[in-house]
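S.K.: Got a structure for you, written out below as structure tokens; questions coming shortly.
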Amino acid sequence: MASARSTQYVMACIALTLAWPAVVFGHVQTGSASGIASGLSHPVSGLDHILAMIAVGLWGAQLGKPAVWVLPVAFPVVMALGGMLGLMGVDLPAIEIGIALSAIVLGIAVFVEAKPALWIAAVIVAFFAVFHGHAHGTELPEGTNGLLYSIGFVIATGLLHGVGIAFGLVHQWPAGKVALRAAGACVCIGGVYFLYGALA
Amino acid sequence: MKRSGIIFAAGLLLITASPARAHLMNSGFGPFYDGLVHPFVTPIDLLVLIALALLAGLRGPACGRSVLFALPTAWLAGMAVGIVWTIPAVPMWTNAAVAVLLGLLVATDRPWPPMVVAALAVVIGIVYGAANGGELADREVRAAAAFGIACSLFVTVALLAAFVVSLKPDWTRLAVRVAGSWVAAIGLLLFGWTMR
């Protein structure tokens with residue numbers, strides 16, 4: 001009975017994810033307020049970014065201590081590094097492909113409950129964080145307050161990881177483990193979709 | 001850190017300052033209150049203040065007490081210098097470097113001696129205080145505003161550092177370190193903005 005109910009919950013989650021509205025790549029909203037509001041809204045303005053950042057939190061929760069805090073520390077710092085490169089005008093190849101691949105790889109890692117060494121997990125997360133950061137860095141509007149934008153941007157990114165970690169806490173229950181793996185599958189499916197969009 | 005080192009570092013930062021762009025806001029309650037709210041409406045000052053208080057709190061009560069008195073005192077001294085010589089605002093790249101440095105110090109949580117953290121607070125206090133002093137230079141009542149700023153710093157460091165000192169569970173200290181990594185990330189992005 002409980003198993004059937006868990007399956008229903010998982011199916012409902014998948015249906016909700018598939019029903020997610022319009023696909024949005026992380027671009028700055030035209031006319032949105034500069035500064036902290038723009039920074040706060042940028043990381044949550046693209047589903048591709050959201051999926052990857054929440055997946056980092058999910059994976060960290062699955063891996064447990066110390067990964068649960070190492071990964072969410074590694075991602076924003078290295079993403080900021082990528083953002084810095086983007087702001088400086090340093091070109092990186094295949095940014096959108098890298099972002100889509102990040103969702104695929106992180107989604108698979110959550111789905112299969114991959115438990116690599118901490119440094120390997122940190123390197124994987126950091127590698128993909130560069131793509132996300134670079135995309136954000138190159139898409140910033142002129143005239144935005146740099147400091148306030150940066151504060152809002154980093155806080156929003158960190159809170160997205162927090163959402164992933166909070167959701168990942170269900171990992172301690174058997175049904176929760178299934179739900180997490182389902183969430184990983186959803187992230188992976190989303191990544192495939194974005195990869196298709198990036199390659200098309 | 002030797003005194004000559006502190007003076008050299010503070011001097012190096014001051015001579016690279018850029019033109020002032022901010023002025024003390026008018027709270028409507030007089031110069032003391034204008035100063036009191038100033039750190040809370042100046043994002044970079046607030047960021048530096050929070051990061052320094054987190055660092056002091058992580059390093060324990062002795063370090064917290066050192067920074068509690070060192071930072072407002074140095075800030076006051078810096079403001080005096082800034083008022084006399086009308087020191088311009090701290091350049092963006094310096095803000096970025098300070099944010100990265102403080103953020104990494106908080107995130108790595110290494111056992112730095114309280115004197116080192118206090119010396120860092122003195123350097124930062126002089127530099128940012130001097131920039132605040134430059135903003136006060138065109139005001140008639142400067143002393144009350146400067147005192148308001150110093151009081152604001154004292155209370156903020158006291159509350160925040162004491163809060164961090166009181167944290168016992170491991171995860172709460174980790175949360176503080178994560179906040180430090182966010183400060184470092186903000187600093188890195190600021191570097192990008194300076195080179196945009």
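Letters A, B, ... go to the chains of the structure tokens in the order shown; residues in each chain start at 1; ligands are counted from 1 in the same order.
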Report as a ChimeraX atom specification the set of chain A residues whose atoms approach chain B to within 12 Å, with distances computed over only C-alpha atoms.

M.R.: /A:35-36,39,65-90,133-134,136-138,140-159,161-162

S.K.: For those residues, write C-alpha atoms to a file as a PDB file, in the first residue's frame.

M.R.:
ATOM      1  CA  GLY A  35      20.936  45.692  -8.786  1.00  0.00           C
ATOM      2  CA  ILE A  36      19.894  43.238  -6.158  1.00  0.00           C
ATOM      3  CA  GLY A  39      20.757  39.528  -9.267  1.00  0.00           C
ATOM      4  CA  LYS A  65      28.692  15.010   5.365  1.00  0.00           C
ATOM      5  CA  PRO A  66      30.953  16.678   4.396  1.00  0.00           C
ATOM      6  CA  ALA A  67      29.756  16.763   0.764  1.00  0.00           C
ATOM      7  CA  VAL A  68      26.442  18.277   1.823  1.00  0.00           C
ATOM      8  CA  TRP A  69      28.242  21.548   2.489  1.00  0.00           C
ATOM      9  CA  VAL A  70      31.374  21.168   0.341  1.00  0.00           C
ATOM     10  CA  LEU A  71      29.425  20.945  -2.930  1.00  0.00           C
ATOM     11  CA  PRO A  72      27.208  23.996  -2.259  1.00  0.00           C
ATOM     12  CA  VAL A  73      30.358  25.912  -1.326  1.00  0.00           C
ATOM     13  CA  ALA A  74      32.295  24.785  -4.389  1.00  0.00           C
ATOM     14  CA  PHE A  75      29.517  25.585  -6.840  1.00  0.00           C
ATOM     15  CA  PRO A  76      28.892  29.291  -6.041  1.00  0.00           C
ATOM     16  CA  VAL A  77      32.595  30.087  -5.677  1.00  0.00           C
ATOM     17  CA  VAL A  78      33.591  28.458  -8.960  1.00  0.00           C
ATOM     18  CA  MET A  79      30.460  29.785 -10.638  1.00  0.00           C
ATOM     19  CA  ALA A  80      31.522  33.259  -9.548  1.00  0.00           C
ATOM     20  CA  LEU A  81      34.881  32.527 -11.142  1.00  0.00           C
ATOM     21  CA  GLY A  82      33.069  31.633 -14.367  1.00  0.00           C
ATOM     22  CA  GLY A  83      30.983  34.781 -14.007  1.00  0.00           C
ATOM     23  CA  MET A  84      34.174  36.778 -13.631  1.00  0.00           C
ATOM     24  CA  LEU A  85      35.528  35.283 -16.870  1.00  0.00           C
ATOM     25  CA  GLY A  86      32.251  36.110 -18.614  1.00  0.00           C
ATOM     26  CA  LEU A  87      32.329  39.684 -17.349  1.00  0.00           C
ATOM     27  CA  MET A  88      35.929  40.027 -18.493  1.00  0.00           C
ATOM     28  CA  GLY A  89      34.905  38.913 -21.977  1.00  0.00           C
ATOM     29  CA  VAL A  90      36.864  35.651 -21.921  1.00  0.00           C
ATOM     30  CA  GLY A 133      28.735  31.307 -14.123  1.00  0.00           C
ATOM     31  CA  HIS A 134      30.040  32.259 -17.554  1.00  0.00           C
ATOM     32  CA  HIS A 136      25.361  34.590 -16.232  1.00  0.00           C
ATOM     33  CA  GLY A 137      28.423  36.780 -16.580  1.00  0.00           C
ATOM     34  CA  THR A 138      27.951  37.403 -20.279  1.00  0.00           C
ATOM     35  CA  LEU A 140      24.284  41.002 -17.626  1.00  0.00           C
ATOM     36  CA  PRO A 141      22.609  44.266 -18.571  1.00  0.00           C
ATOM     37  CA  GLU A 142      24.583  47.472 -18.816  1.00  0.00           C
ATOM     38  CA  GLY A 143      24.167  49.942 -15.998  1.00  0.00           C
ATOM     39  CA  THR A 144      23.439  47.363 -13.330  1.00  0.00           C
ATOM     40  CA  ASN A 145      24.950  47.987  -9.912  1.00  0.00           C
ATOM     41  CA  GLY A 146      27.723  45.396  -9.857  1.00  0.00           C
ATOM     42  CA  LEU A 147      27.933  44.910  -6.125  1.00  0.00           C
ATOM     43  CA  LEU A 148      24.200  44.638  -5.506  1.00  0.00           C
ATOM     44  CA  TYR A 149      23.787  42.378  -8.522  1.00  0.00           C
ATOM     45  CA  SER A 150      26.561  40.100  -7.245  1.00  0.00           C
ATOM     46  CA  ILE A 151      25.058  39.931  -3.764  1.00  0.00           C
ATOM     47  CA  GLY A 152      21.619  39.038  -5.102  1.00  0.00           C
ATOM     48  CA  PHE A 153      23.040  36.564  -7.594  1.00  0.00           C
ATOM     49  CA  VAL A 154      25.104  34.643  -5.040  1.00  0.00           C
ATOM     50  CA  ILE A 155      22.312  34.607  -2.459  1.00  0.00           C
ATOM     51  CA  ALA A 156      19.790  33.269  -4.984  1.00  0.00           C
ATOM     52  CA  THR A 157      22.229  30.579  -6.115  1.00  0.00           C
ATOM     53  CA  GLY A 158      22.939  29.542  -2.544  1.00  0.00           C
ATOM     54  CA  LEU A 159      19.249  29.411  -1.711  1.00  0.00           C
ATOM     55  CA  HIS A 161      21.226  24.769  -3.323  1.00  0.00           C
ATOM     56  CA  GLY A 162      19.423  25.071   0.001  1.00  0.00           C
TER      57      GLY A 162
END

S.K.: Please provide as an NGL selection string all residues within 10 Å of range 27-30 of chain B, with the sequence filter that same-chain residues fewer than 4 positions apart are discarded (counting only C-alpha atoms).

M.R.: :B and (34-38 or 141 or 144-145)

S.K.: Using only C-alpha atoms, pick whichever of B:Phe32, B:Ala158, B:Thr172, B:Leu101 has the shortest atom-to-atom distance to Ala51 in chain B.

M.R.: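 Nearest candidate to Ala51 in chain B out of B:Phe32, B:Ala158, B:Thr172, B:Leu101: B:Leu101.
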
S.K.: Please give the complete set of residues from chain A that DSSP, run on the backbone, assigns to helix (DSSP H, G or I), formatted as a ChimeraX atom specification.

M.R.: /A:2-18,36-41,47-63,67-88,95-111,118-138,146-172,174-199

S.K.: Between A:His49, A:His42, A:His132, A:Arg181, single out the one closest to Ile108 in chain A, counting only C-alpha atoms.

M.R.: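 Smallest distance to Ile108 in chain A is found for A:Arg181.
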
S.K.: Pick from A:Leu51, A:Val105, A:Ile189, A:Ala100: nearest to Gly164 in chain A, with only C-alpha atoms counted?

M.R.: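 The shortest atom-to-atom distance to Gly164 in chain A comes from A:Leu51.
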
S.K.: Excluding Gly107 in chain A and residues on its chain fewer than 2 positions from it, collect all residues at most 7 Å away from it, counting only C-alpha atoms, and give them as a list in words.

M.R.: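 What passes the distance filter is Ala55, Ala103, Ile104, Val105, Ala109, Val110, Phe111, Gly184, Ala185, Val187 and Cys188 of chain A.
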
S.K.: For range 74-77 of chain B, work out the shell of residues within 9 Å, counting only C-alpha atoms and skipping chain neighbours fewer than 2 positions away, then give it as a PyMOL selection string.

M.R.: chain B and resi 69-72+79-82+121-130+132-133+146-147+149-150+153

S.K.: Give me, please, the distance in Å between CA of Gly60 in chain B and CA of Cys151 in chain B, quoted to one decimal.

M.R.: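 So the answer is 21.9 Å.
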
S.K.: Would you mind telling me which residue in A:Gly98, A:Pro93, A:Gly190, A:Gly64 lies nearest to Pro116 in chain A when using only C-alpha atoms?

M.R.: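 Checking each candidate against Pro116 in chain A, we get A:Gly64 as the closest.
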